[in-house]
file target_20.txt (compact mmCIF, C-alpha atoms and all ligand atoms)
# COMPACT_ATOMS: atom_id res chain seq x y z
CA MET A 1 -14.65 -17.96 21.39
CA ALA A 2 -15.50 -15.96 24.50
CA GLU A 3 -16.62 -18.19 27.32
CA THR A 4 -20.37 -18.29 27.66
CA LYS A 5 -22.65 -19.49 30.41
CA LYS A 6 -26.34 -20.42 30.36
CA SER A 7 -27.95 -18.58 33.25
CA GLY A 8 -31.15 -16.74 34.09
CA ILE A 9 -31.57 -13.00 34.56
CA LYS A 10 -31.68 -12.33 38.32
CA LYS A 11 -34.92 -10.80 39.46
CA ILE A 12 -34.90 -7.68 41.59
CA ALA A 13 -37.46 -8.07 44.40
CA ALA A 14 -38.47 -4.38 44.36
CA THR A 15 -39.87 -4.89 40.85
CA ARG A 16 -43.17 -5.93 42.42
CA THR A 17 -43.49 -2.54 44.14
CA MET A 18 -42.62 -0.79 40.91
CA ARG A 19 -45.32 -2.63 38.98
CA LYS A 20 -47.90 -1.53 41.54
CA LEU A 21 -46.63 2.07 41.37
CA MET A 22 -46.88 2.13 37.60
CA ALA A 23 -50.38 0.66 37.72
CA ASP A 24 -51.42 3.35 40.23
CA HIS A 25 -49.91 6.01 37.97
CA PHE A 26 -51.86 4.91 34.90
CA TYR A 27 -55.14 4.28 36.74
CA GLU A 28 -54.91 7.74 38.29
CA LEU A 29 -54.46 9.28 34.85
CA ASP A 30 -57.27 7.18 33.41
CA ARG A 31 -59.64 8.23 36.18
CA ALA A 32 -58.75 11.89 35.72
CA ALA A 33 -59.30 11.65 31.97
CA LYS A 34 -62.73 10.10 32.50
CA GLU A 35 -63.80 12.50 35.25
CA GLY A 36 -62.25 15.66 33.83
CA ALA A 37 -60.25 16.36 37.00
CA PRO A 38 -57.49 16.80 37.96
CA LYS A 39 -56.33 18.31 34.70
CA ILE A 40 -53.83 16.36 32.63
CA ALA A 41 -50.65 17.73 31.08
CA TRP A 42 -48.66 15.75 28.56
CA CYS A 43 -44.98 16.43 28.96
CA THR A 44 -41.84 15.46 27.06
CA SER A 45 -39.34 13.47 29.09
CA VAL A 46 -37.22 16.39 30.22
CA GLY A 47 -39.95 18.97 29.89
CA PRO A 48 -41.02 21.06 32.91
CA ALA A 49 -42.72 18.24 34.84
CA GLU A 50 -41.92 19.93 38.16
CA LEU A 51 -43.79 23.09 37.13
CA LEU A 52 -46.77 21.10 35.85
CA ARG A 53 -47.10 19.06 39.04
CA ALA A 54 -46.72 22.16 41.18
CA MET A 55 -49.65 23.69 39.27
CA GLY A 56 -51.91 20.73 40.03
CA PHE A 57 -51.65 18.78 36.78
CA LEU A 58 -51.27 15.03 36.55
CA VAL A 59 -48.40 14.44 34.16
CA TYR A 60 -48.38 11.91 31.33
CA PHE A 61 -45.23 11.22 29.30
CA PRO A 62 -45.83 10.15 25.68
CA GLU A 63 -42.24 8.90 25.38
CA ASN A 64 -42.92 6.42 28.17
CA HIS A 65 -45.86 5.20 26.11
CA GLY A 66 -43.54 5.05 23.09
CA ALA A 67 -41.16 2.83 25.07
CA MET A 68 -44.07 0.56 26.03
CA LEU A 69 -45.03 0.27 22.37
CA GLY A 70 -41.44 -0.72 21.64
CA ALA A 71 -41.03 -3.14 24.53
CA THR A 72 -44.28 -4.93 23.66
CA ARG A 73 -43.26 -4.87 19.96
CA MET A 74 -46.68 -3.43 19.15
CA ALA A 75 -44.73 -0.61 17.49
CA THR A 76 -43.94 -2.78 14.48
CA GLU A 77 -47.65 -2.96 13.66
CA THR A 78 -48.52 0.65 14.49
CA ILE A 79 -45.71 2.60 12.76
CA PRO A 80 -47.15 2.08 9.23
CA ALA A 81 -50.41 3.84 10.23
CA ALA A 82 -48.46 7.04 10.98
CA ASN A 83 -46.39 6.60 7.82
CA ALA A 84 -49.67 6.46 5.88
CA ILE A 85 -50.64 9.98 7.04
CA GLY A 86 -47.29 11.46 6.07
CA TYR A 87 -44.97 10.84 9.01
CA SER A 88 -41.84 9.37 7.46
CA PRO A 89 -40.39 6.01 8.53
CA GLU A 90 -37.12 7.98 8.93
CA ILE A 91 -38.34 10.15 11.84
CA CYS A 92 -38.63 9.24 15.53
CA SER A 93 -40.23 5.83 15.86
CA TYR A 94 -41.64 6.78 19.26
CA LEU A 95 -43.63 9.42 17.40
CA THR A 96 -44.69 7.17 14.55
CA SER A 97 -45.52 4.17 16.74
CA ASP A 98 -47.48 6.33 19.17
CA ILE A 99 -49.50 8.28 16.62
CA GLY A 100 -49.97 5.07 14.62
CA ALA A 101 -51.29 3.30 17.72
CA TYR A 102 -53.72 6.12 18.37
CA LEU A 103 -54.97 5.96 14.77
CA GLN A 104 -55.48 2.22 15.16
CA GLY A 105 -57.25 2.66 18.50
CA ARG A 106 -54.63 0.61 20.33
CA THR A 107 -52.46 1.02 23.38
CA PRO A 108 -50.32 -1.37 25.43
CA LEU A 109 -51.98 0.21 28.49
CA SER A 110 -55.18 -1.72 27.70
CA GLU A 111 -53.27 -4.98 27.69
CA ALA A 112 -51.42 -4.22 30.91
CA TYR A 113 -54.22 -2.60 32.90
CA GLU A 114 -57.76 -3.90 32.82
CA GLY A 115 -60.34 -1.19 32.28
CA ILE A 116 -58.00 1.31 30.60
CA GLU A 117 -59.16 1.72 27.04
CA SER A 118 -57.03 4.56 25.76
CA ILE A 119 -54.24 6.97 26.50
CA PRO A 120 -55.36 9.87 28.74
CA LYS A 121 -56.60 12.85 26.77
CA PRO A 122 -54.61 15.98 27.66
CA ASP A 123 -55.80 19.42 28.73
CA VAL A 124 -52.46 20.89 27.68
CA LEU A 125 -49.34 19.55 25.96
CA VAL A 126 -45.93 20.81 27.03
CA TYR A 127 -42.61 20.17 25.29
CA ASN A 128 -38.96 21.01 25.59
CA THR A 129 -36.94 20.72 22.39
CA ASN A 130 -33.84 19.88 24.45
CA GLN A 131 -34.07 16.37 22.98
CA CYS A 132 -35.11 16.99 19.40
CA ARG A 133 -37.69 18.73 17.23
CA ASP A 134 -39.68 15.51 16.90
CA VAL A 135 -41.24 15.94 20.34
CA GLN A 136 -42.68 19.29 19.28
CA ASP A 137 -44.18 17.83 16.10
CA TRP A 138 -45.48 14.86 18.04
CA LEU A 139 -47.34 16.97 20.60
CA ALA A 140 -48.48 19.38 17.88
CA TRP A 141 -50.31 16.54 16.12
CA TYR A 142 -52.33 15.68 19.23
CA GLY A 143 -52.84 19.35 20.10
CA GLU A 144 -54.42 19.93 16.73
CA HIS A 145 -56.36 16.69 16.82
CA TRP A 146 -57.97 17.45 20.19
CA SER A 147 -57.88 21.27 19.95
CA ARG A 148 -55.72 21.57 23.02
CA PRO A 149 -53.02 24.18 23.64
CA VAL A 150 -49.41 23.20 23.00
CA VAL A 151 -46.77 25.21 24.85
CA GLY A 152 -43.07 24.68 25.10
CA VAL A 153 -39.48 25.61 25.52
CA GLU A 154 -37.18 26.09 22.55
CA CYS A 155 -33.82 24.86 23.75
CA TYR A 156 -30.24 25.24 22.58
CA ALA A 157 -28.25 22.50 20.87
CA GLY A 158 -24.57 21.52 20.88
CA VAL A 159 -23.91 23.36 24.15
CA GLY A 160 -20.39 23.18 25.57
CA GLU A 161 -20.44 24.95 28.90
CA VAL A 162 -23.91 25.79 30.20
CA THR A 163 -23.70 29.51 30.98
CA ASP A 164 -25.92 31.99 32.82
CA VAL A 165 -27.06 33.26 29.42
CA HIS A 166 -28.41 29.81 28.50
CA VAL A 167 -30.03 29.47 31.90
CA ALA A 168 -31.67 32.89 31.74
CA GLY A 169 -33.07 32.13 28.27
CA ILE A 170 -34.70 28.87 29.33
CA ALA A 171 -35.84 30.12 32.75
CA GLY A 172 -37.57 33.05 31.03
CA GLN A 173 -39.47 30.68 28.75
CA LEU A 174 -40.52 28.54 31.71
CA GLU A 175 -41.84 31.53 33.64
CA ALA A 176 -43.66 32.76 30.55
CA MET A 177 -45.68 29.52 30.50
CA VAL A 178 -47.24 30.16 33.88
CA PRO A 179 -50.21 32.37 32.87
CA GLN A 180 -51.32 29.90 30.19
CA LEU A 181 -50.98 26.96 32.57
CA GLU A 182 -53.00 28.88 35.18
CA GLU A 183 -55.72 29.44 32.63
CA VAL A 184 -55.88 25.79 31.56
CA GLY A 185 -55.45 24.29 35.02
CA GLY A 186 -57.53 26.81 36.94
CA GLU A 187 -54.98 26.97 39.78
CA LYS A 188 -52.94 29.98 40.81
CA PHE A 189 -49.19 29.52 40.64
CA ASP A 190 -47.61 29.08 44.08
CA ILE A 191 -43.82 29.42 44.28
CA ASP A 192 -43.63 27.42 47.52
CA ARG A 193 -45.38 24.51 45.90
CA LEU A 194 -42.90 24.65 43.03
CA ARG A 195 -39.99 24.74 45.48
CA GLU A 196 -41.34 21.64 47.20
CA THR A 197 -41.80 19.79 43.89
CA VAL A 198 -38.28 20.69 42.80
CA ARG A 199 -36.99 19.46 46.17
CA LEU A 200 -38.78 16.13 45.69
CA SER A 201 -37.51 15.85 42.13
CA ARG A 202 -33.93 16.48 43.23
CA GLU A 203 -34.21 13.86 45.95
CA CYS A 204 -35.52 11.34 43.44
CA SER A 205 -32.68 12.22 41.09
CA ASP A 206 -30.05 11.81 43.82
CA LEU A 207 -31.43 8.40 44.75
CA TRP A 208 -31.56 7.31 41.12
CA LYS A 209 -27.93 8.38 40.74
CA GLU A 210 -27.05 6.29 43.78
CA VAL A 211 -28.92 3.31 42.32
CA LEU A 212 -26.99 3.56 39.05
CA GLU A 213 -23.69 4.02 40.83
CA THR A 214 -24.09 0.73 42.67
CA ALA A 215 -22.91 -0.71 39.34
CA THR A 216 -19.43 0.71 40.03
CA ALA A 217 -19.07 -2.31 42.33
CA LYS A 218 -17.40 -5.39 40.90
CA PRO A 219 -19.34 -7.46 40.20
CA ALA A 220 -22.15 -5.02 39.45
CA PRO A 221 -25.49 -5.69 41.19
CA LEU A 222 -27.50 -4.35 38.26
CA THR A 223 -27.09 -3.87 34.53
CA PHE A 224 -28.16 -1.29 31.96
CA PHE A 225 -31.02 -3.65 31.06
CA ASP A 226 -32.27 -3.63 34.66
CA SER A 227 -31.99 0.15 34.73
CA THR A 228 -34.25 0.54 31.67
CA ILE A 229 -36.98 -1.04 33.78
CA HIS A 230 -36.25 0.52 37.17
CA MET A 231 -35.90 4.01 35.78
CA ALA A 232 -39.67 4.18 35.24
CA PRO A 233 -40.51 5.99 38.53
CA ALA A 234 -37.70 8.52 37.93
CA VAL A 235 -39.12 9.12 34.45
CA VAL A 236 -42.84 9.41 35.11
CA MET A 237 -43.01 10.33 38.81
CA ARG A 238 -40.16 12.73 39.43
CA GLY A 239 -41.39 15.42 41.79
CA THR A 240 -43.47 12.97 43.85
CA GLN A 241 -42.85 11.23 47.17
CA SER A 242 -43.78 7.86 45.60
CA ALA A 243 -40.70 7.88 43.36
CA ILE A 244 -38.46 8.65 46.32
CA ASP A 245 -40.02 5.85 48.38
CA TYR A 246 -39.45 3.43 45.54
CA TYR A 247 -35.73 4.14 45.27
CA ARG A 248 -35.45 3.96 49.07
CA GLU A 249 -36.70 0.39 48.71
CA LEU A 250 -34.57 -0.55 45.70
CA LEU A 251 -31.28 0.88 46.94
CA PRO A 252 -30.85 -1.34 50.06
CA GLU A 253 -31.61 -4.40 47.95
CA LEU A 254 -28.77 -3.49 45.59
CA LYS A 255 -26.44 -2.68 48.49
CA THR A 256 -27.19 -6.10 49.97
CA ARG A 257 -26.27 -7.65 46.65
CA ILE A 258 -22.93 -5.81 46.77
CA ALA A 259 -22.29 -6.90 50.35
CA ASP A 260 -23.14 -10.50 49.46
CA GLY A 261 -21.11 -10.39 46.26
CA THR A 262 -24.27 -11.14 44.27
CA ALA A 263 -23.62 -10.33 40.64
CA ALA A 264 -26.29 -9.34 38.14
CA VAL A 265 -24.12 -11.22 35.65
CA GLU A 266 -22.77 -14.39 37.19
CA GLY A 267 -19.01 -14.73 36.72
CA GLU A 268 -18.68 -11.15 35.40
CA GLN A 269 -15.60 -10.91 33.20
CA HIS A 270 -16.12 -7.75 31.18
CA ARG A 271 -17.85 -4.41 31.73
CA LEU A 272 -19.25 -2.17 29.01
CA TYR A 273 -20.93 1.19 28.44
CA TRP A 274 -24.12 1.49 26.34
CA GLU A 275 -24.33 4.73 24.39
CA GLY A 276 -27.62 5.65 22.76
CA MET A 277 -31.23 4.56 22.96
CA PRO A 278 -32.29 1.11 24.18
CA ILE A 279 -33.57 -1.32 21.56
CA TRP A 280 -36.84 -1.76 23.40
CA GLY A 281 -38.13 -4.80 21.53
CA ARG A 282 -34.90 -6.72 22.10
CA LEU A 283 -33.97 -5.84 25.68
CA ARG A 284 -34.43 -9.37 26.94
CA ASP A 285 -32.52 -10.98 24.08
CA LEU A 286 -29.62 -8.59 24.51
CA ALA A 287 -29.60 -8.95 28.31
CA THR A 288 -29.49 -12.72 27.88
CA GLN A 289 -26.71 -12.62 25.32
CA PHE A 290 -24.50 -10.40 27.49
CA LEU A 291 -25.28 -12.62 30.46
CA GLU A 292 -24.15 -15.68 28.52
CA LEU A 293 -20.99 -13.84 27.55
CA ARG A 294 -20.39 -12.95 31.22
CA THR A 295 -20.38 -9.31 30.29
CA THR A 296 -22.08 -6.59 32.31
CA VAL A 297 -23.35 -3.53 30.53
CA ALA A 298 -22.72 -1.51 33.68
CA ALA A 299 -23.49 2.07 32.66
CA SER A 300 -25.30 4.04 29.99
CA THR A 301 -26.00 7.54 28.82
CA TYR A 302 -29.70 6.75 28.61
CA ALA A 303 -30.33 5.80 32.24
CA ASN A 304 -28.12 8.66 33.42
CA SER A 305 -30.26 11.15 31.55
CA TRP A 306 -32.67 11.26 34.51
CA ILE A 307 -30.01 12.55 36.92
CA PHE A 308 -30.62 16.26 37.52
CA THR A 309 -28.02 17.42 40.00
CA ALA A 310 -28.62 21.08 39.16
CA LEU A 311 -32.14 21.17 40.66
CA GLU A 312 -32.29 23.48 43.69
CA ALA A 313 -35.48 24.17 45.63
CA ASP A 314 -34.30 27.68 46.54
CA ASP A 315 -34.00 28.75 42.92
CA PRO A 316 -36.62 26.66 41.12
CA PHE A 317 -36.91 28.27 37.66
CA ARG A 318 -33.22 28.84 37.09
CA SER A 319 -32.25 25.45 38.47
CA MET A 320 -34.86 23.70 36.31
CA ALA A 321 -33.51 25.62 33.32
CA ARG A 322 -29.98 24.54 34.14
CA ALA A 323 -30.94 20.90 34.78
CA TYR A 324 -32.87 20.66 31.49
CA THR A 325 -29.94 22.20 29.57
CA GLU A 326 -27.13 20.27 31.23
CA LEU A 327 -28.67 17.14 29.73
CA PHE A 328 -26.20 15.00 27.73
CA ILE A 329 -28.31 15.19 24.57
CA VAL A 330 -28.11 19.00 24.51
CA ARG A 331 -24.31 19.08 24.70
CA SER A 332 -21.39 19.39 22.29
CA ASP A 333 -19.34 16.40 21.15
CA PRO A 334 -16.26 17.41 23.20
CA TYR A 335 -18.45 17.53 26.33
CA LYS A 336 -20.01 14.15 25.50
CA GLU A 337 -16.64 12.52 24.92
CA LYS A 338 -15.32 13.84 28.23
CA TYR A 339 -18.46 12.57 29.94
CA ILE A 340 -18.10 9.07 28.49
CA GLU A 341 -14.41 9.09 29.38
CA GLU A 342 -15.31 9.83 33.01
CA MET A 343 -17.91 7.08 33.02
CA VAL A 344 -15.40 4.58 31.64
CA GLU A 345 -13.06 5.46 34.48
CA LYS A 346 -15.70 5.52 37.21
CA PHE A 347 -17.32 2.21 36.24
CA SER A 348 -14.04 0.48 35.25
CA LEU A 349 -15.28 -0.29 31.76
CA ASP A 350 -13.56 -2.32 29.05
CA GLY A 351 -15.38 -0.97 26.01
CA VAL A 352 -18.25 1.08 24.61
CA VAL A 353 -21.28 -0.11 22.66
CA PHE A 354 -22.76 2.56 20.38
CA HIS A 355 -26.32 2.04 19.24
CA ASP A 356 -26.90 3.71 15.87
CA ALA A 357 -30.65 4.24 16.17
CA LYS A 358 -31.95 4.79 12.68
CA THR A 359 -34.83 7.11 13.62
CA CYS A 360 -33.17 8.99 16.48
CA PRO A 361 -30.19 10.99 15.22
CA SER A 362 -30.40 13.22 18.31
CA ASN A 363 -29.61 10.38 20.65
CA THR A 364 -27.13 8.66 18.36
CA ASN A 365 -23.53 9.73 18.76
CA CYS A 366 -21.58 7.43 16.48
CA ARG A 367 -22.11 9.22 13.16
CA TYR A 368 -19.45 11.92 13.38
CA GLY A 369 -16.38 9.95 14.39
CA MET A 370 -16.91 9.77 18.15
CA PRO A 371 -16.26 6.02 18.50
CA GLN A 372 -12.99 6.35 16.61
CA ARG A 373 -11.89 9.38 18.63
CA LEU A 374 -12.70 7.65 21.91
CA GLN A 375 -11.02 4.47 20.79
CA GLN A 376 -7.87 6.39 19.98
CA ARG A 377 -7.84 8.47 23.13
CA LEU A 378 -8.83 5.81 25.64
CA GLY A 379 -7.31 2.80 23.92
CA LEU A 380 -10.66 1.08 24.40
CA PRO A 381 -12.54 -0.97 21.83
CA THR A 382 -15.90 0.29 20.63
CA ILE A 383 -18.64 -1.32 18.59
CA THR A 384 -21.52 0.24 16.65
CA ILE A 385 -24.74 -1.71 16.40
CA PRO A 386 -27.20 -0.55 13.73
CA GLY A 387 -30.75 -0.68 15.01
CA ASP A 388 -33.58 1.42 16.33
CA LEU A 389 -35.44 2.15 19.53
CA ASN A 390 -38.81 0.89 18.24
CA ASP A 391 -38.64 0.07 14.55
CA LEU A 392 -37.31 -3.47 14.45
CA ARG A 393 -37.20 -3.38 10.66
CA CYS A 394 -33.95 -1.45 11.17
CA TYR A 395 -32.43 -4.16 13.35
CA SER A 396 -30.97 -7.52 12.42
CA ASP A 397 -30.92 -10.07 15.26
CA GLU A 398 -28.40 -12.16 13.41
CA GLN A 399 -26.02 -9.32 12.67
CA ALA A 400 -26.18 -7.84 16.19
CA ARG A 401 -25.63 -11.24 17.80
CA THR A 402 -22.56 -11.93 15.66
CA GLN A 403 -21.17 -8.43 16.17
CA ILE A 404 -21.54 -8.60 19.96
CA GLU A 405 -20.05 -12.07 20.14
CA ALA A 406 -17.01 -11.00 18.11
CA PHE A 407 -16.65 -7.84 20.19
CA VAL A 408 -16.61 -9.69 23.51
CA GLU A 409 -14.23 -12.25 22.07
CA GLN A 410 -11.88 -9.38 21.27
CA LEU A 411 -12.09 -8.20 24.91
CA THR A 412 -11.17 -11.66 26.11
CA LYS A 413 -7.91 -11.82 24.15
S1 LIG B 1 -34.74 11.96 21.32
FE1 LIG B 1 -34.98 10.40 19.75
S2 LIG B 1 -36.36 8.88 20.64
FE2 LIG B 1 -36.51 10.73 21.88
S3 LIG B 1 -38.27 11.79 21.02
FE3 LIG B 1 -36.43 12.61 20.01
S4 LIG B 1 -36.15 11.40 18.14
FE4 LIG B 1 -37.59 10.33 19.49

call {"tool": "encode", "arguments": {"input": "target_20.txt", "output": "structure tokens"}}
result
Amino acid sequence: MAETKKSGIKKIAATRTMRKLMADHFYELDRAAKEGAPKIAWCTSVGPAELLRAMGFLVYFPENHGAMLGATRMATETIPAANAIGYSPEICSYLTSDIGAYLQGRTPLSEAYEGIESIPKPDVLVYNTNQCRDVQDWLAWYGEHWSRPVVGVECYAGVGEVTDVHVAGIAGQLEAMVPQLEEVGGEKFDIDRLRETVRLSRECSDLWKEVLETATAKPAPLTFFDSTIHMAPAVVMRGTQSAIDYYRELLPELKTRIADGTAAVEGEQHRLYWEGMPIWGRLRDLATQFLELRTTVAASTYANSWIFTALEADDPFRSMARAYTELFIVRSDPYKEKYIEEMVEKFSLDGVVFHDAKTCPSNTNCRYGMPQRLQQRLGLPTITIPGDLNDLRCYSDEQARTQIEAFVEQLTK
């Protein structure tokens, strides 16, 4: 048996600031929805948030709400309501849990923030299919329900090298959105404002990258499970000064941990990569199990997906287009394998955990032989855990626990 240790998850002090930031974010949206100003744009996670902010919109991310539904496990109760109106249990459980929650008149926001009764009604809904088609269908449902315009970018899939042709195609679609956004928002497009928003977004991204890379230290000062929490400002506030300020607070805390030799996982013995979506309703259980097994999940594709090194203030549309297309999820398998290989090297990892998320084929990379290919090439063990991001009916606690235990035991030999 791998050696285990009973120990608590170490709290990161900056979490308090983050909670306040998130509360401010949702209260600002709630106020705007009630007062009718500023205008609200819903945006998919790597949709054109920079453009929307630069045009005066407050930006709300339905996927962030989906993650909250998962983390609070409310999703389990809300998914059937969406299934009942024809949205299959096989499709994205962010979509089904979110639409189901709306149909049931529920939101975790009401439980977290007193006075907020519902999600903020949008003035426009903006998607990028760089992740999947589900986001387009998801926003289309609300657009139709509230008679609000839905605009978006149709992205490429399975991209190897991102070329100027790809960039031109996406940049053109982004620029084409401007007149409609001007009409909805009532503000004239200002290129300097966009440049400034892109600059802020890039700075946030660079800081977030630095935060994640602190886990290259041995022992690592933070884990993948910490990053799923501390990524929130990078996800919902990129393009704002607040997100930058937050990471300027978090980063020194992590650097102090490194200097002091403070490990996120006491007695760290093994280091792993997490590939695929988080299992939101079981984050704490999994974090605790890995902690007991003295194993740090030190890096992940998911948390890295909010690093946008291509953003350049001088060339906002083209650099946004490149950043949104260079995303891991958009890329070909050979690119993805190379990427994971580099991460394994950079973070000194001993193995890779693949999460086979039942309702998210787009962000699941274990179904076409990738674990086996990586295992062969890198000589590293891999494990595939069947589960889901939000639908816990697809996840067995017992099976996952046993699988992980056996996997870490194998690393120990
Ligand atoms: S990438 Fe997966 S989790 Fe995200 S919206 Fe698409 S199907 Fe849902």

call {"tool": "residues_near_ligand", "arguments": {"input": "target_20.txt", "ligand": "ligand LIG 1 (chain B)", "cutoff": "8 Å", "atoms": "all atoms listed in the file", "output": "VMD selection string"}}
result
chain A and resid 44 63 91 to 95 131 to 135 277 329 359 to 363 389

call {"tool": "closest_residue", "arguments": {"input": "target_20.txt", "among": "A:Glu187, A:Asp137, A:Glu210, A:Glu144", "to": "A:Lys255", "atoms": "only C-alpha atoms"}}
result
A:Glu210

call {"tool": "axis_aligned_box", "arguments": {"input": "target_20.txt", "around": "stretch 166-183 of chain A", "padding_each_side": "5 Å", "output": "AutoDock Vina command-line options"}}
result
--center_x -42.1 --center_y 30.0 --center_z 31.7 --size_x 37.3 --size_y 16.1 --size_z 16.9

call {"tool": "residues_around", "arguments": {"input": "target_20.txt", "residues": "stretch 99-113 of chain A", "least_positions_apart": "6", "cutoff": "12 Å", "atoms": "all atoms listed in the file", "output": "MDAnalysis selection string"}}
result
chainID A and resid 19:20 22:30 62:89 92:93 119:121 135 137:142 145

call {"tool": "atom_distance", "arguments": {"input": "target_20.txt", "atom1": "atom CA of A:Ser147", "atom2": "atom CA of A:Ile40"}}
result
14.2 Å

call {"tool": "closest_residue", "arguments": {"input": "target_20.txt", "among": "A:Ile383, A:Met237, A:Cys394, A:Ala157", "to": "A:His355", "atoms": "all atoms listed in the file"}}
result
A:Ile383

call {"tool": "residues_near_point", "arguments": {"input": "target_20.txt", "point": "(-28.4, 16.0, 37.8)", "cutoff": "8 Å", "atoms": "only C-alpha atoms", "output": "list in words"}}
result
Arg202, Ser205, Asp206, Trp306, Ile307, Phe308, Thr309, Ala310, Leu311, Ala323 and Glu326 of chain A

call {"tool": "residues_around", "arguments": {"input": "target_20.txt", "residues": "A:Ile340", "least_positions_apart": "2", "cutoff": "9 Å", "atoms": "all atoms listed in the file", "output": "number ranges by chain"}}
result
A: 273, 275, 300-301, 335-338, 342-345, 352, 374

call {"tool": "closest_residue", "arguments": {"input": "target_20.txt", "among": "A:Pro122, A:Gly143, A:Gly369, A:Gly186", "to": "A:Gly56", "atoms": "only C-alpha atoms"}}
result
A:Gly186

call {"tool": "atom_distance", "arguments": {"input": "target_20.txt", "atom1": "atom CA of A:Val265", "atom2": "atom CA of A:Ile385"}}
result
21.5 Å

call {"tool": "build_atoms", "arguments": {"input": "target_20.txt", "residues": "stretch 42-60 of chain A", "atoms": "N, CA and C atoms", "output": "short mmCIF file (atom, residue, chain, number, x, y, z; two decimals), in the frame of the given file"}}
result
data_model
loop_
_atom_site.label_atom_id
_atom_site.label_comp_id
_atom_site.auth_asym_id
_atom_site.auth_seq_id
_atom_site.Cartn_x
_atom_site.Cartn_y
_atom_site.Cartn_z
N TRP A 42 -49.66 16.63 29.19
CA TRP A 42 -48.66 15.75 28.56
C TRP A 42 -47.34 16.51 28.59
N CYS A 43 -46.27 15.76 28.82
CA CYS A 43 -44.98 16.43 28.96
C CYS A 43 -43.89 15.57 28.32
N THR A 44 -42.97 16.22 27.63
CA THR A 44 -41.84 15.46 27.06
C THR A 44 -40.90 15.08 28.21
N SER A 45 -40.02 14.12 27.96
CA SER A 45 -39.34 13.47 29.09
C SER A 45 -38.55 14.43 29.97
N VAL A 46 -37.87 15.39 29.37
CA VAL A 46 -37.22 16.39 30.22
C VAL A 46 -37.85 17.76 29.94
N GLY A 47 -39.15 17.74 29.91
CA GLY A 47 -39.95 18.97 29.89
C GLY A 47 -40.15 19.40 31.34
N PRO A 48 -40.90 20.50 31.55
CA PRO A 48 -41.02 21.06 32.91
C PRO A 48 -42.03 20.32 33.79
N ALA A 49 -41.79 19.05 34.05
CA ALA A 49 -42.72 18.24 34.84
C ALA A 49 -42.91 18.82 36.24
N GLU A 50 -41.83 19.38 36.79
CA GLU A 50 -41.92 19.93 38.16
C GLU A 50 -42.94 21.07 38.19
N LEU A 51 -42.87 21.95 37.19
CA LEU A 51 -43.79 23.09 37.13
C LEU A 51 -45.23 22.60 36.98
N LEU A 52 -45.42 21.61 36.12
CA LEU A 52 -46.77 21.10 35.85
C LEU A 52 -47.38 20.48 37.11
N ARG A 53 -46.59 19.68 37.80
CA ARG A 53 -47.10 19.06 39.04
C ARG A 53 -47.42 20.13 40.07
N ALA A 54 -46.52 21.11 40.18
CA ALA A 54 -46.72 22.16 41.18
C ALA A 54 -47.98 22.98 40.88
N MET A 55 -48.44 22.93 39.63
CA MET A 55 -49.65 23.69 39.27
C MET A 55 -50.87 22.78 39.23
N GLY A 56 -50.74 21.60 39.82
CA GLY A 56 -51.91 20.73 40.03
C GLY A 56 -52.22 19.76 38.91
N PHE A 57 -51.39 19.71 37.89
CA PHE A 57 -51.65 18.78 36.78
C PHE A 57 -51.15 17.37 37.13
N LEU A 58 -51.85 16.37 36.62
CA LEU A 58 -51.27 15.03 36.55
C LEU A 58 -50.44 15.03 35.27
N VAL A 59 -49.31 14.36 35.32
CA VAL A 59 -48.40 14.44 34.16
C VAL A 59 -48.28 13.08 33.47
N TYR A 60 -48.48 13.11 32.17
CA TYR A 60 -48.38 11.91 31.33
C TYR A 60 -47.23 12.13 30.33
#
